[in-house]
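Structure file model_9.cif with mmCIF, C-alpha atoms:
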```cif
data_upload
#
loop_
_atom_site.label_atom_id
_atom_site.label_comp_id
_atom_site.auth_asym_id
_atom_site.auth_seq_id
_atom_site.Cartn_x
_atom_site.Cartn_y
_atom_site.Cartn_z
CA MET A 1 0.00 0.00 0.00
CA GLU A 2 1.21 3.52 -0.76
CA LEU A 3 1.82 5.89 2.16
CA VAL A 4 2.26 9.67 2.44
CA GLY A 5 3.60 11.99 5.14
CA GLY A 6 6.14 9.68 6.71
CA GLU A 7 9.45 7.89 6.34
CA GLU A 8 8.14 5.09 4.11
CA ARG A 9 6.38 5.21 0.75
CA GLU A 10 5.27 1.57 0.66
CA LEU A 11 4.26 -0.80 3.44
CA ASP A 12 3.61 -4.53 3.48
CA GLU A 13 0.39 -4.95 5.44
CA GLY A 14 1.78 -8.22 6.81
CA ALA A 15 4.25 -6.16 8.86
CA VAL A 16 1.46 -4.86 11.13
CA SER A 17 1.50 -6.52 14.56
CA THR A 18 -1.25 -4.48 16.30
CA VAL A 19 -4.24 -2.39 15.26
CA VAL A 20 -5.46 0.52 17.42
CA ASP A 21 -8.98 1.68 16.54
CA ASN A 22 -9.36 5.36 17.44
CA ARG A 23 -12.35 6.09 15.22
CA GLY A 24 -14.75 8.54 16.84
CA MET A 25 -12.12 9.89 19.27
CA LEU A 26 -10.33 13.19 19.39
CA CYS A 27 -6.67 12.81 18.54
CA ALA A 28 -5.48 13.47 22.11
CA GLN A 29 -7.58 10.54 23.34
CA GLY A 30 -6.25 8.45 20.47
CA ILE A 31 -2.65 9.20 21.39
CA LEU A 32 -3.29 8.01 24.95
CA ARG A 33 -4.78 4.79 23.60
CA LEU A 34 -1.80 4.38 21.24
CA MET A 35 0.64 4.95 24.12
CA ARG A 36 -1.02 2.14 26.12
CA ALA A 37 -1.01 -0.20 23.12
CA MET A 38 2.70 0.43 22.47
CA LEU A 39 3.54 -1.09 25.86
CA ASP A 40 2.64 -4.54 24.50
CA VAL A 41 4.31 -4.13 21.09
CA ALA A 42 7.73 -5.69 20.52
CA PRO A 43 10.61 -3.37 19.57
CA ALA A 44 10.45 -2.55 15.84
CA GLY A 45 6.83 -3.76 15.76
CA VAL A 46 4.43 -1.89 13.48
CA VAL A 47 1.13 -0.51 14.75
CA GLU A 48 -1.75 0.45 12.45
CA VAL A 49 -3.87 3.29 13.85
CA LEU A 50 -7.38 3.98 12.54
CA SER A 51 -8.56 7.57 13.10
CA SER A 52 -11.48 9.71 12.04
CA ASP A 53 -10.03 12.94 13.50
CA PRO A 54 -8.24 14.97 10.77
CA ALA A 55 -5.69 16.12 13.38
CA ALA A 56 -4.21 12.61 13.26
CA GLU A 57 -2.28 13.55 10.12
CA HIS A 58 -0.21 16.01 12.17
CA ASP A 59 -0.50 14.78 15.76
CA TYR A 60 0.72 11.20 15.31
CA PRO A 61 3.94 12.20 13.51
CA ALA A 62 4.62 14.83 16.20
CA TRP A 63 4.05 12.31 18.98
CA CYS A 64 6.37 9.83 17.27
CA ARG A 65 9.16 12.43 17.08
CA ALA A 66 8.72 13.26 20.78
CA ALA A 67 8.54 9.61 21.89
CA GLY A 68 11.33 8.28 19.65
CA HIS A 69 9.14 6.06 17.47
CA ARG A 70 9.15 6.16 13.65
CA PHE A 71 6.10 7.51 11.87
CA LEU A 72 6.04 5.41 8.71
CA GLY A 73 3.19 7.31 7.05
CA HIS A 74 -0.54 7.26 6.50
CA HIS A 75 -3.16 6.90 3.82
CA ARG A 76 -6.77 7.98 3.58
CA ASP A 77 -9.63 5.56 3.27
CA VAL A 78 -13.41 5.70 3.62
CA ASP A 79 -15.28 4.46 6.67
CA ALA A 80 -18.92 3.56 5.97
CA ARG A 81 -20.10 5.05 9.28
CA ARG A 82 -17.75 8.00 9.83
CA GLY A 83 -16.73 9.10 6.34
CA SER A 84 -13.04 9.96 6.01
CA LEU A 85 -10.65 7.56 7.70
CA ILE A 86 -6.93 8.17 8.30
CA VAL A 87 -4.88 4.99 8.57
CA SER A 88 -1.47 5.67 10.15
CA PHE A 89 1.50 3.37 10.73
CA VAL A 90 3.96 3.68 13.61
CA LYS A 91 7.10 1.59 14.16
CA LYS A 92 8.08 1.14 17.80
CA ARG A 93 11.54 2.31 18.75
CA VAL A 94 14.26 -0.17 19.56
CA GLY A 95 15.80 0.38 22.98
CA GLU A 96 14.88 2.65 25.85
CA PRO A 97 14.11 6.34 25.42
CA GLY A 98 17.23 8.46 25.51
CA ALA A 99 19.46 5.46 24.83
#
```
This structure in structure tokens:
Amino acid sequence: MELVGGEERELDEGAVSTVVDNRGMLCAQGILRLMRAMLDVAPAGVVEVLSSDPAAEHDYPAWCRAAGHRFLGHHRDVDARRGSLIVSFVKKRVGEPGA
């Protein structure tokens, strides 16, 4: 699949280890849910984040920079119930923060 706005242009969907469904949430709530999910993800694991909040396009990359994770990119899709859907991909950092 083709991605925009991140470090990768293509992503193999088989690389995704966890999906975080933040549809219907404000981005700040979604980031908290993503933070909790990342605790159970192995280093270098890829998380797919589903969001209906347009702020996700800017907030997830900013959070990744602050937390040391890699924002791989996102693509837009259509959600039958909510309309526009932003599908983002985050790769968990390897090692402890600040290391």
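With all atoms listed in the file as the atoms that count, the residue of A:Arg23, A:Ala28, A:Arg82, A:Pro43 with the shortest distance to A:His58 is A:Ala28.
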Option closest in space to A:His74, from A:Gly30, A:Pro61, A:Gly45, A:Gly95 [counting only C-alpha atoms]: A:Pro61
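Applied to this file, the PyMOL selection byres ((chain A and resi 59) around 12) selects Gly5, Leu26, Cys27, Ala28, Gln29, Gly30, Ile31, Leu32, Leu34, Ser51, Asp53, Pro54, Ala55, Ala56, Glu57, His58, Tyr60, Pro61, Ala62, Trp63, Cys64, Arg65, Ala66, Phe71, His74, Ile86 and Ser88 of chain A.
Distances from A:Val94, A:Val87, A:Val20, A:Ala37 to A:His69 were compared using all atoms listed in the file, and the smallest one belongs to A:Val94.
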Atom pair atom CA of A:Asp21 / atom CA of A:Ala67: separation (Å): 20.0 Å
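Residue nearest A:Gly73, chosen from A:Ala44, A:Thr18, A:Leu11, A:Arg93 and counting all atoms listed in the file: A:Leu11.
The closest residue to A:Arg33, picked from A:Val19, A:Val46, A:Ala80, A:Leu85 and counting all atoms listed in the file, is A:Val19.
Using all atoms listed in the file, the shortest contact distance between A:Asp40 and any of A:Asp77, A:Ser84, A:Ser17, A:Asn22 is found at A:Ser17.
Here atom CA of A:Asp79 is placed at a distance of 18.3 Å from atom CA of A:Glu13.
Interatomic distance, atom CA of A:Lys91 to atom CA of A:Val78: 23.4 Å.
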